[in-house]
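Next comes my_file.csv, a file with CSV, C-alpha atoms.
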```csv
chain,number,residue,atom,x,y,z
Z,1,MET,CA,-25.1,-7.9,1.2
Z,2,GLY,CA,-24.5,-11.1,3.1
Z,3,SER,CA,-21.4,-11.9,1.2
Z,4,LEU,CA,-20.1,-8.4,1.6
Z,5,GLN,CA,-20.5,-8.7,5.4
Z,6,GLN,CA,-19.0,-12.2,5.4
Z,7,THR,CA,-16.0,-11.0,3.4
Z,8,TRP,CA,-15.5,-8.1,5.9
Z,9,VAL,CA,-15.8,-10.4,8.9
Z,10,TYR,CA,-13.1,-12.6,7.4
Z,11,LEU,CA,-10.8,-9.8,6.3
Z,12,HIS,CA,-10.9,-7.6,9.4
Z,13,ALA,CA,-9.5,-10.5,11.4
Z,14,SER,CA,-6.8,-11.3,8.9
Z,15,PRO,CA,-3.1,-10.4,9.2
Z,16,LEU,CA,-3.3,-8.5,6.0
Z,17,PHE,CA,-5.8,-6.1,7.4
Z,18,HIS,CA,-3.8,-5.4,10.6
Z,19,LEU,CA,-0.5,-5.0,8.7
Z,20,THR,CA,-2.2,-2.5,6.3
Z,21,LEU,CA,-3.9,-0.8,9.2
Z,22,THR,CA,-0.5,-0.3,10.9
Z,23,LEU,CA,1.1,1.2,7.8
Z,24,VAL,CA,-1.9,3.4,6.9
Z,25,ALA,CA,-2.2,4.7,10.5
Z,26,PHE,CA,1.5,5.6,10.6
Z,27,GLN,CA,1.5,7.3,7.3
Z,28,ALA,CA,-1.6,9.3,8.2
Z,29,ALA,CA,0.1,10.2,11.5
Z,30,SER,CA,3.3,11.2,9.7
Z,31,TRP,CA,1.3,13.4,7.3
Z,32,LEU,CA,-0.5,15.1,10.2
Z,33,PHE,CA,2.9,15.7,12.0
Z,34,GLU,CA,4.4,17.4,8.9
Z,35,LYS,CA,1.2,19.4,8.2
Z,36,ALA,CA,1.2,20.7,11.8
Z,37,GLY,CA,4.8,21.9,11.4
Z,38,ARG,CA,6.3,19.0,13.3
Z,39,ASN,CA,4.3,19.9,16.4
Z,40,PRO,CA,5.8,17.5,19.1
Z,41,LEU,CA,2.3,16.9,20.6
Z,42,LEU,CA,1.4,15.1,17.3
Z,43,ASN,CA,4.2,12.6,17.6
Z,44,PRO,CA,3.6,10.1,14.8
Z,45,VAL,CA,4.1,7.0,17.0
Z,46,LEU,CA,1.6,8.3,19.5
Z,47,VAL,CA,-1.0,9.3,17.0
Z,48,ALA,CA,-0.6,6.0,15.1
Z,49,VAL,CA,-1.1,4.1,18.3
Z,50,VAL,CA,-4.2,6.1,19.2
Z,51,LEU,CA,-5.7,5.5,15.8
Z,52,ILE,CA,-5.0,1.8,15.8
Z,53,VAL,CA,-6.2,1.3,19.4
Z,54,SER,CA,-9.4,3.2,18.4
Z,55,VAL,CA,-10.0,0.9,15.4
Z,56,LEU,CA,-9.3,-2.2,17.5
Z,57,LEU,CA,-11.7,-1.2,20.3
Z,58,PHE,CA,-14.3,-0.2,17.7
Z,59,THR,CA,-14.2,-3.5,15.9
Z,60,GLY,CA,-13.8,-5.5,19.1
Z,61,THR,CA,-10.5,-6.9,18.0
Z,62,ASP,CA,-8.0,-8.2,20.7
Z,63,TYR,CA,-4.3,-7.3,20.7
Z,64,ALA,CA,-3.2,-10.9,19.8
Z,65,THR,CA,-5.3,-10.9,16.6
Z,66,TYR,CA,-3.9,-7.4,15.7
Z,67,PHE,CA,-0.3,-8.6,16.4
Z,68,GLU,CA,-0.6,-11.5,13.9
Z,69,GLY,CA,-0.5,-8.9,11.2
Z,70,ALA,CA,1.6,-6.2,12.9
Z,71,GLN,CA,4.3,-8.7,13.8
Z,72,PHE,CA,5.8,-8.3,10.3
Z,73,VAL,CA,6.5,-4.7,11.1
Z,74,HIS,CA,7.6,-5.4,14.7
Z,75,PHE,CA,10.1,-8.0,13.5
Z,76,LEU,CA,12.1,-5.4,11.6
Z,77,LEU,CA,12.9,-3.7,15.0
Z,78,GLY,CA,15.8,-6.2,15.5
Z,79,PRO,CA,17.5,-5.6,12.1
Z,80,ALA,CA,17.0,-1.9,12.5
Z,81,THR,CA,18.7,-2.0,15.9
Z,82,VAL,CA,21.6,-3.9,14.3
Z,83,SER,CA,21.7,-1.3,11.5
Z,84,LEU,CA,22.6,1.4,14.1
Z,85,ALA,CA,26.1,0.1,13.7
Z,86,ILE,CA,26.3,2.1,10.5
Z,87,PRO,CA,25.7,5.6,11.9
Z,88,LEU,CA,27.9,4.6,14.8
Z,89,TYR,CA,30.7,3.7,12.5
Z,90,ARG,CA,30.3,6.9,10.4
Z,91,GLN,CA,30.6,8.9,13.6
Z,92,TRP,CA,33.2,6.8,15.3
Z,93,HIS,CA,35.9,9.5,15.1
Z,94,ARG,CA,33.7,11.8,17.2
Z,95,VAL,CA,32.7,9.0,19.6
Z,96,ARG,CA,36.3,8.0,20.2
Z,97,ARG,CA,37.5,11.5,20.8
Z,98,SER,CA,34.9,12.0,23.6
Z,99,ALA,CA,34.9,8.5,25.1
Z,100,LEU,CA,35.4,9.7,28.7
Z,101,ALA,CA,32.8,12.4,28.4
Z,102,ILE,CA,30.3,9.9,27.0
Z,103,GLY,CA,31.0,7.3,29.8
Z,104,VAL,CA,30.6,9.8,32.6
Z,105,SER,CA,27.5,11.5,31.1
Z,106,LEU,CA,25.9,8.2,30.4
Z,107,LEU,CA,26.4,7.0,34.0
Z,108,THR,CA,25.1,10.3,35.4
Z,109,GLY,CA,22.1,10.1,33.1
Z,110,SER,CA,21.4,6.4,33.9
Z,111,LEU,CA,21.4,7.1,37.6
Z,112,THR,CA,19.2,10.2,37.1
Z,113,ALA,CA,16.7,8.1,35.2
Z,114,ILE,CA,16.5,5.4,37.9
Z,115,LEU,CA,16.6,7.7,41.0
Z,116,THR,CA,14.1,10.3,39.8
Z,117,ALA,CA,11.7,7.6,38.7
Z,118,LEU,CA,12.0,5.9,42.1
Z,119,GLY,CA,11.8,9.1,44.1
Z,120,VAL,CA,8.8,10.6,42.4
Z,121,ALA,CA,6.8,7.4,42.3
Z,122,ARG,CA,7.6,6.8,46.0
Z,123,LEU,CA,6.6,10.4,47.0
Z,124,LEU,CA,3.3,9.9,45.3
Z,125,GLY,CA,2.6,6.7,47.2
Z,126,GLY,CA,3.7,4.0,44.8
Z,127,SER,CA,4.0,0.5,46.2
Z,128,GLU,CA,7.3,-1.4,46.2
Z,129,GLN,CA,6.0,-3.5,43.3
Z,130,LEU,CA,5.2,-0.3,41.3
Z,131,LEU,CA,8.7,1.1,42.0
Z,132,ALA,CA,10.3,-2.1,40.7
Z,133,THR,CA,8.0,-1.9,37.6
Z,134,ILE,CA,9.0,1.7,36.8
Z,135,ALA,CA,12.7,1.8,37.8
Z,136,PRO,CA,14.1,0.4,34.5
Z,137,LYS,CA,11.7,2.5,32.2
Z,138,SER,CA,14.4,4.3,30.3
Z,139,VAL,CA,15.9,1.1,28.9
Z,140,THR,CA,15.0,-0.7,25.7
Z,141,ALA,CA,12.0,-3.0,26.4
Z,142,PRO,CA,13.6,-6.6,26.5
Z,143,VAL,CA,16.2,-5.5,29.1
Z,144,ALA,CA,13.8,-3.4,31.1
Z,145,MET,CA,11.3,-6.3,31.4
Z,146,ALA,CA,14.1,-8.7,32.6
Z,147,ILE,CA,15.2,-6.2,35.2
Z,148,ALA,CA,11.6,-5.5,36.4
Z,149,GLU,CA,11.1,-9.3,36.8
Z,150,GLU,CA,14.3,-9.6,38.8
Z,151,LEU,CA,13.3,-6.8,41.2
Z,152,GLY,CA,9.7,-8.2,41.7
Z,153,GLY,CA,7.9,-5.8,39.4
Z,154,LEU,CA,5.3,-6.5,36.6
Z,155,PRO,CA,7.3,-7.0,33.4
Z,156,SER,CA,4.3,-6.5,31.0
Z,157,LEU,CA,3.4,-3.2,32.6
Z,158,THR,CA,7.1,-2.2,32.4
Z,159,ALA,CA,6.9,-2.7,28.6
Z,160,ALA,CA,4.0,-0.2,28.5
Z,161,LEU,CA,6.0,2.3,30.7
Z,162,VAL,CA,9.0,1.9,28.4
Z,163,LEU,CA,6.9,2.9,25.4
Z,164,VAL,CA,5.4,5.9,27.1
Z,165,THR,CA,8.9,7.0,28.2
Z,166,GLY,CA,10.1,6.7,24.6
Z,167,ILE,CA,7.2,8.7,23.3
Z,168,LEU,CA,7.6,11.4,26.0
Z,169,GLY,CA,11.3,11.7,25.3
Z,170,ALA,CA,10.7,11.9,21.5
Z,171,MET,CA,7.9,14.5,22.1
Z,172,PHE,CA,9.5,16.8,24.8
Z,173,GLY,CA,13.2,15.9,24.8
Z,174,PRO,CA,14.1,18.3,21.9
Z,175,MET,CA,12.0,21.0,23.7
Z,176,VAL,CA,14.0,20.5,26.9
Z,177,LEU,CA,17.3,20.6,25.0
Z,178,ASN,CA,16.3,23.9,23.3
Z,179,LEU,CA,15.2,25.3,26.7
Z,180,ILE,CA,18.5,24.6,28.4
Z,181,GLY,CA,20.4,25.8,25.2
Z,182,VAL,CA,22.3,22.6,24.4
Z,183,LYS,CA,23.1,22.8,20.7
Z,184,ASP,CA,25.9,20.2,20.4
Z,185,TRP,CA,24.5,17.2,18.4
Z,186,ARG,CA,26.6,14.8,20.4
Z,187,ALA,CA,25.1,15.9,23.7
Z,188,ARG,CA,21.6,16.1,22.3
Z,189,GLY,CA,21.8,12.5,20.9
Z,190,LEU,CA,23.4,11.1,24.0
Z,191,ALA,CA,20.6,12.6,26.1
Z,192,MET,CA,17.8,11.3,23.9
Z,193,GLY,CA,19.2,7.7,23.8
Z,194,THR,CA,19.9,7.6,27.5
Z,195,ALA,CA,16.4,8.9,28.5
Z,196,SER,CA,14.2,7.3,25.8
Z,197,HIS,CA,16.0,4.4,24.1
Z,198,GLY,CA,15.0,3.4,20.6
Z,199,ILE,CA,12.0,5.7,20.2
Z,200,GLY,CA,14.2,8.7,21.1
Z,201,THR,CA,16.9,7.4,18.8
Z,202,ALA,CA,14.5,7.1,15.9
Z,203,ARG,CA,13.5,10.8,16.5
Z,204,ALA,CA,17.2,11.9,16.8
Z,205,LEU,CA,18.0,10.1,13.5
Z,206,GLN,CA,15.3,12.1,11.7
Z,207,VAL,CA,17.0,15.3,12.7
Z,208,ASN,CA,20.8,14.8,12.5
Z,209,GLU,CA,23.1,11.8,11.9
Z,210,THR,CA,25.5,12.7,14.6
Z,211,ALA,CA,22.7,12.9,17.1
Z,212,GLY,CA,21.3,9.6,15.8
Z,213,ALA,CA,24.7,7.8,16.2
Z,214,PHE,CA,25.2,9.1,19.7
Z,215,SER,CA,21.7,8.2,20.6
Z,216,GLY,CA,22.0,4.6,19.4
Z,217,LEU,CA,25.2,4.3,21.3
Z,218,ALA,CA,23.6,5.7,24.5
Z,219,MET,CA,20.7,3.3,24.1
Z,220,GLY,CA,23.0,0.3,24.1
Z,221,LEU,CA,25.2,1.6,26.8
Z,222,ASN,CA,22.3,2.5,29.1
Z,223,ALA,CA,20.8,-1.0,28.7
Z,224,LEU,CA,24.1,-2.4,30.0
Z,225,ALA,CA,24.6,0.2,32.7
Z,226,THR,CA,21.0,-0.1,34.1
Z,227,ALA,CA,21.2,-3.9,34.0
Z,228,LEU,CA,24.3,-3.8,36.1
Z,229,LEU,CA,23.6,-0.8,38.4
Z,230,LEU,CA,19.9,-1.1,39.2
Z,231,PRO,CA,19.9,-4.4,41.0
Z,232,ILE,CA,22.8,-3.1,43.2
Z,233,LEU,CA,21.0,0.2,44.0
Z,234,TRP,CA,17.8,-1.7,44.7
Z,235,GLY,CA,19.6,-3.8,47.2
Z,236,LEU,CA,20.9,-0.7,49.0
Z,237,LEU,CA,17.5,1.1,49.0
Z,238,PHE,CA,15.1,-1.7,50.0
B,1,MET,CA,20.8,-5.4,-0.9
B,2,LEU,CA,19.8,-9.0,-0.2
B,3,ALA,CA,23.4,-9.9,0.7
B,4,TYR,CA,23.5,-7.1,3.3
B,5,LEU,CA,20.1,-7.9,4.7
B,6,THR,CA,21.4,-11.4,5.3
B,7,LEU,CA,24.5,-10.0,7.0
B,8,ILE,CA,22.4,-7.8,9.3
B,9,LEU,CA,20.2,-10.8,10.2
B,10,THR,CA,23.2,-13.0,10.7
B,11,CYS,CA,24.7,-10.4,13.2
B,12,GLN,CA,21.3,-10.3,15.0
B,13,LEU,CA,21.2,-14.1,15.2
B,14,ALA,CA,24.7,-14.2,16.5
B,15,GLY,CA,23.8,-11.5,19.0
B,16,GLU,CA,20.7,-13.4,20.2
B,17,PHE,CA,22.8,-16.6,20.5
B,18,LEU,CA,25.6,-15.1,22.5
B,19,THR,CA,23.3,-13.1,24.9
B,20,GLY,CA,21.3,-16.3,25.5
B,21,ALA,CA,24.3,-18.7,25.8
B,22,LEU,CA,26.3,-16.4,28.0
B,23,ALA,CA,23.3,-14.9,29.9
B,24,LEU,CA,24.5,-11.4,29.1
B,25,PRO,CA,22.4,-8.4,30.3
B,26,LEU,CA,21.9,-7.1,26.8
B,27,PRO,CA,19.2,-7.7,24.1
B,28,GLY,CA,20.4,-9.8,21.2
B,29,PRO,CA,20.0,-7.0,18.6
B,30,VAL,CA,22.1,-4.6,20.7
B,31,LEU,CA,24.9,-7.1,20.8
B,32,GLY,CA,24.3,-7.7,17.0
B,33,MET,CA,24.9,-4.0,16.5
B,34,LEU,CA,28.2,-4.2,18.3
B,35,LEU,CA,29.2,-7.3,16.2
B,36,LEU,CA,28.4,-5.5,12.9
B,37,PHE,CA,30.3,-2.5,14.2
B,38,LEU,CA,33.3,-4.6,14.9
B,39,LEU,CA,33.1,-6.1,11.4
B,40,LEU,CA,33.1,-2.6,9.9
B,41,LEU,CA,36.1,-1.6,12.1
B,42,ILE,CA,38.0,-4.6,10.8
B,43,ARG,CA,37.0,-3.9,7.2
B,44,GLY,CA,37.7,-0.2,7.4
B,45,ASP,CA,34.8,1.2,5.5
B,46,ILE,CA,31.0,0.7,4.8
B,47,PRO,CA,30.0,-1.0,1.6
B,48,GLN,CA,27.7,1.4,-0.3
B,49,ALA,CA,24.8,-1.0,-0.6
B,50,LEU,CA,25.1,-1.9,3.2
B,51,GLY,CA,24.8,1.8,4.0
B,52,GLN,CA,21.8,2.2,1.8
B,53,THR,CA,20.1,-0.9,3.3
B,54,ALA,CA,20.7,0.4,6.8
B,55,ASP,CA,19.6,3.9,6.0
B,56,ARG,CA,16.4,2.6,4.6
B,57,LEU,CA,15.6,0.5,7.7
B,58,LEU,CA,16.6,3.4,10.1
B,59,GLY,CA,14.5,5.9,8.1
B,60,ALA,CA,11.4,3.8,9.0
B,61,MET,CA,12.5,3.1,12.6
B,62,SER,CA,9.6,5.1,14.3
B,63,LEU,CA,7.1,3.0,12.4
B,64,LEU,CA,8.6,-0.2,13.9
B,65,PHE,CA,7.6,0.8,17.4
B,66,VAL,CA,3.9,1.1,16.5
B,67,PRO,CA,2.9,-2.6,16.9
B,68,ALA,CA,4.6,-2.8,20.4
B,69,GLY,CA,3.1,0.6,21.3
B,70,THR,CA,-0.4,-0.6,20.5
B,71,GLY,CA,0.2,-3.2,23.2
B,72,ILE,CA,-0.5,-0.5,25.7
B,73,MET,CA,-4.2,-1.4,25.3
B,74,LEU,CA,-3.5,-4.5,27.4
B,75,HIS,CA,-2.6,-2.3,30.4
B,76,PHE,CA,-5.2,0.4,30.5
B,77,ARG,CA,-6.6,-0.9,33.8
B,78,LEU,CA,-3.3,-1.1,35.6
B,79,LEU,CA,-2.2,2.2,34.2
B,80,GLY,CA,-5.5,3.8,35.2
B,81,GLU,CA,-5.1,2.5,38.8
B,82,ALA,CA,-1.8,4.2,39.3
B,83,LEU,CA,-2.1,7.0,36.8
B,84,VAL,CA,-0.8,9.9,39.0
B,85,PRO,CA,2.4,8.3,40.4
B,86,LEU,CA,3.2,6.6,37.1
B,87,GLY,CA,2.5,9.6,34.9
B,88,THR,CA,4.2,12.1,37.1
B,89,ALA,CA,7.3,9.9,37.6
B,90,LEU,CA,7.6,9.2,33.9
B,91,ILE,CA,7.4,12.8,32.9
B,92,VAL,CA,9.7,14.2,35.6
B,93,SER,CA,12.2,11.4,35.2
B,94,THR,CA,12.4,11.5,31.4
B,95,LEU,CA,12.8,15.2,31.2
B,96,ALA,CA,15.3,15.3,34.0
B,97,THR,CA,17.3,12.6,32.4
B,98,VAL,CA,17.4,14.4,29.1
B,99,ALA,CA,18.6,17.6,30.8
B,100,VAL,CA,21.2,16.1,33.1
B,101,THR,CA,22.8,13.9,30.5
B,102,ALA,CA,23.0,16.7,27.9
B,103,LEU,CA,24.4,19.3,30.4
B,104,MET,CA,27.0,16.8,31.6
B,105,MET,CA,28.0,15.9,28.1
B,106,ARG,CA,28.3,19.5,27.0
B,107,TRP,CA,30.3,20.4,30.1
B,108,LEU,CA,32.7,17.4,29.7
B,109,GLY,CA,32.8,17.5,25.9
B,110,LYS,CA,33.9,21.1,26.0
B,111,ALA,CA,36.7,20.3,28.4
B,112,GLU,CA,37.9,17.5,26.1
B,113,ASN,CA,37.7,19.7,23.0
B,114,ASP,CA,39.7,22.4,24.7
B,115,GLY,CA,42.3,20.0,26.1
```

As structure tokens, please, write out the structure in this file.
Amino acid sequence: MGSLQQTWVYLHASPLFHLTLTLVAFQAASWLFEKAGRNPLLNPVLVAVVLIVSVLLFTGTDYATYFEGAQFVHFLLGPATVSLAIPLYRQWHRVRRSALAIGVSLLTGSLTAILTALGVARLLGGSEQLLATIAPKSVTAPVAMAIAEELGGLPSLTAALVLVTGILGAMFGPMVLNLIGVKDWRARGLAMGTASHGIGTARALQVNETAGAFSGLAMGLNALATALLLPILWGLLF
Amino acid sequence: MLAYLTLILTCQLAGEFLTGALALPLPGPVLGMLLLFLLLLIRGDIPQALGQTADRLLGAMSLLFVPAGTGIMLHFRLLGEALVPLGTALIVSTLATVAVTALMMRWLGKAENDG
């Protein structure tokens, strides 16, 4: 009994345990998502995170210990982002034909993301620090954190808001697109990537390659647009 | 497969190096994506094994956000303190951005296709 418990104490703090936990939780979440007829409320990223956080809180494990194992999965995010070049290349003939439409739509979407976030947070009594924290939330995490820091926000909270934004976009983005009757895969992908960066792109890729390519492109372009535009807008507003 | 994984990592590394050295407002992997894309443009097609490697990585892309997503447990207190303004702003802004971007793209895309 003693050795069983000792082995558990040793294993549950090991990288192997947390790497396995991450994979098992995600596969359970994916299984549930499929079983429920791809119900957006059961978004696999969200369900996996809830499962893992529950296990960590239950076992009294801190995030740093968890991340020692989970970092091996996290690391692949970089190579996966680079790999978005492949769907982009496959769809390049479509992208090139609508370059102007993409540019204008992206800028409009980028401004909408910034101004609506600032406007609503301000109306509901958000402090200036909170506004600086939420303003870059539609952009991929490393860029969003750098912008938040520059504006005087809290970069680590920005990272959390970026993730929530991504999950919200993946969950409800397709519903909004169906509601407004946009069927064009280019427009659907561009909207997902602009509003909800990589998590929206991962969702778009599962549905259609054209949407995935446009979403990956939008994610990259919106990172650039927000990094250039937001500090200027911020200077004008505050 | 190994050769192309190496190519992907090399593009990422070059992207990280360039964004750092030139202080560009882009994450290294996004610049790495552009570098790999340029290589493909120069080459003119996608080697089959590279396509397979990339598709395999991208097929698992949702999973890759889970470790960072779990990091939200570090911010429960801050999120709780400003739950209403943050939650409302995130929902309204994300949905509005999806709708506005898609409608604009459909409108302009149509004009381009017709023209």

Of B:Leu58, B:Leu64, B:Ala102, B:Met73, the one sitting nearest Tyr63 of chain Z when using all atoms listed in the file is B:Met73

May I ask you to extract the residues of chain B within 6 Å of chain Z, using all atoms listed in the file, and to give them as a PDB file with C-alpha atoms, in the frame of the given file?
```
ATOM      1  CA  PRO B  25      22.400  -8.400  30.300  1.00  0.00           C
ATOM      2  CA  PRO B  29      20.000  -7.000  18.600  1.00  0.00           C
ATOM      3  CA  GLY B  32      24.300  -7.700  17.000  1.00  0.00           C
ATOM      4  CA  MET B  33      24.900  -4.000  16.500  1.00  0.00           C
ATOM      5  CA  PHE B  37      30.300  -2.500  14.200  1.00  0.00           C
ATOM      6  CA  ALA B  54      20.700   0.400   6.800  1.00  0.00           C
ATOM      7  CA  LEU B  57      15.600   0.500   7.700  1.00  0.00           C
ATOM      8  CA  LEU B  58      16.600   3.400  10.100  1.00  0.00           C
ATOM      9  CA  MET B  61      12.500   3.100  12.600  1.00  0.00           C
ATOM     10  CA  SER B  62       9.600   5.100  14.300  1.00  0.00           C
ATOM     11  CA  LEU B  64       8.600  -0.200  13.900  1.00  0.00           C
ATOM     12  CA  VAL B  66       3.900   1.100  16.500  1.00  0.00           C
ATOM     13  CA  PRO B  67       2.900  -2.600  16.900  1.00  0.00           C
ATOM     14  CA  THR B  70      -0.400  -0.600  20.500  1.00  0.00           C
ATOM     15  CA  ILE B  72      -0.500  -0.500  25.700  1.00  0.00           C
ATOM     16  CA  PRO B  85       2.400   8.300  40.400  1.00  0.00           C
ATOM     17  CA  ALA B  89       7.300   9.900  37.600  1.00  0.00           C
ATOM     18  CA  SER B  93      12.200  11.400  35.200  1.00  0.00           C
ATOM     19  CA  THR B  94      12.400  11.500  31.400  1.00  0.00           C
ATOM     20  CA  THR B  97      17.300  12.600  32.400  1.00  0.00           C
ATOM     21  CA  VAL B  98      17.400  14.400  29.100  1.00  0.00           C
ATOM     22  CA  THR B 101      22.800  13.900  30.500  1.00  0.00           C
ATOM     23  CA  ALA B 102      23.000  16.700  27.900  1.00  0.00           C
ATOM     24  CA  MET B 104      27.000  16.800  31.600  1.00  0.00           C
ATOM     25  CA  MET B 105      28.000  15.900  28.100  1.00  0.00           C
ATOM     26  CA  ARG B 106      28.300  19.500  27.000  1.00  0.00           C
ATOM     27  CA  LEU B 108      32.700  17.400  29.700  1.00  0.00           C
ATOM     28  CA  GLY B 109      32.800  17.500  25.900  1.00  0.00           C
TER      29      GLY B 109
END
```

d(atom CA of Gly87 of chain B, atom CA of Leu237 of chain Z) in Å: 22.3 Å

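You will find atom CA of Leu26 of chain B at 19.1 Å from atom CA of Trp234 of chain Z.
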
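Nearest-residue note for Ala82 of chain B: choosing from Z:Gln129, Z:Val207, Z:Thr59, Z:Trp8, the minimum distance belongs to Z:Gln129, counting all atoms listed in the file.
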
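Atom CA of Ala99 of chain B to atom CA of Ala29 of chain Z spans 27.7 Å [interatomic distance, one decimal].
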
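Taking all atoms listed in the file into account, Phe17 of chain B lies nearest to B:Leu31 out of the set B:Leu74, B:Leu31, B:Val84, B:Leu90.
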
Please determine, counting only C-alpha atoms, which residue among B:Ala23, B:Leu35, B:Leu40, B:Val30 has the shortest atom-to-atom distance to Cys11 of chain B. B:Leu35

What does segment 75-141 of chain Z look like written to a file with C-alpha atoms, as a short mmCIF file (atom, residue, chain, number, x, y, z; two decimals), in the first residue's frame?
```cif
data_model
loop_
_atom_site.label_atom_id
_atom_site.label_comp_id
_atom_site.auth_asym_id
_atom_site.auth_seq_id
_atom_site.Cartn_x
_atom_site.Cartn_y
_atom_site.Cartn_z
CA PHE Z 75 5.93 23.15 -28.51
CA LEU Z 76 4.28 21.81 -31.68
CA LEU Z 77 2.18 24.98 -31.95
CA GLY Z 78 5.12 26.73 -33.66
CA PRO Z 79 5.69 24.07 -36.36
CA ALA Z 80 1.90 23.80 -36.89
CA THR Z 81 1.73 27.57 -37.49
CA VAL Z 82 4.59 27.29 -40.02
CA SER Z 83 2.69 24.41 -41.69
CA LEU Z 84 -0.20 26.78 -42.46
CA ALA Z 85 1.97 27.73 -45.47
CA ILE Z 86 0.79 24.50 -47.14
CA PRO Z 87 -2.99 25.18 -47.22
CA LEU Z 88 -2.15 28.79 -48.07
CA TYR Z 89 -0.08 27.66 -51.06
CA ARG Z 90 -2.78 25.21 -52.19
CA GLN Z 91 -5.33 28.04 -52.12
CA TRP Z 92 -3.02 30.72 -53.45
CA HIS Z 93 -4.88 31.10 -56.77
CA ARG Z 94 -8.03 32.03 -54.81
CA VAL Z 95 -6.17 34.34 -52.43
CA ARG Z 96 -4.43 36.23 -55.22
CA ARG Z 97 -7.66 36.77 -57.15
CA SER Z 98 -9.34 38.43 -54.15
CA ALA Z 99 -6.32 40.25 -52.68
CA LEU Z 100 -8.05 43.65 -52.46
CA ALA Z 101 -11.21 42.20 -50.91
CA ILE Z 102 -9.08 40.34 -48.36
CA GLY Z 103 -7.10 43.47 -47.44
CA VAL Z 104 -10.15 45.70 -46.96
CA SER Z 105 -12.18 43.04 -45.11
CA LEU Z 106 -9.27 42.27 -42.85
CA LEU Z 107 -8.73 45.93 -41.91
CA THR Z 108 -12.45 46.40 -41.27
CA GLY Z 109 -12.52 43.25 -39.12
CA SER Z 110 -9.39 44.25 -37.24
CA LEU Z 111 -10.84 47.68 -36.39
CA THR Z 112 -14.16 46.09 -35.39
CA ALA Z 113 -12.37 43.70 -33.03
CA ILE Z 114 -10.46 46.53 -31.33
CA LEU Z 115 -13.21 49.16 -31.17
CA THR Z 116 -16.05 46.90 -30.03
CA ALA Z 117 -13.86 45.37 -27.30
CA LEU Z 118 -12.82 48.84 -26.09
CA GLY Z 119 -16.35 50.26 -26.37
CA VAL Z 120 -18.16 47.50 -24.49
CA ALA Z 121 -15.49 47.19 -21.76
CA ARG Z 122 -15.56 50.98 -21.28
CA LEU Z 123 -19.38 51.14 -21.13
CA LEU Z 124 -19.37 48.47 -18.42
CA GLY Z 125 -16.91 50.42 -16.31
CA GLY Z 126 -13.59 48.84 -17.28
CA SER Z 127 -10.49 50.71 -16.11
CA GLU Z 128 -7.91 52.00 -18.58
CA GLN Z 129 -5.63 49.13 -17.59
CA LEU Z 130 -8.42 46.64 -18.33
CA LEU Z 131 -9.01 48.27 -21.74
CA ALA Z 132 -5.32 47.96 -22.60
CA THR Z 133 -5.48 44.32 -21.54
CA ILE Z 134 -8.49 43.41 -23.67
CA ALA Z 135 -7.88 45.54 -26.80
CA PRO Z 136 -5.55 43.07 -28.62
CA LYS Z 137 -7.58 39.95 -27.71
CA SER Z 138 -8.30 38.80 -31.28
CA VAL Z 139 -4.61 38.43 -32.13
CA THR Z 140 -2.40 35.38 -31.64
CA ALA Z 141 -1.05 35.28 -28.05
#
```
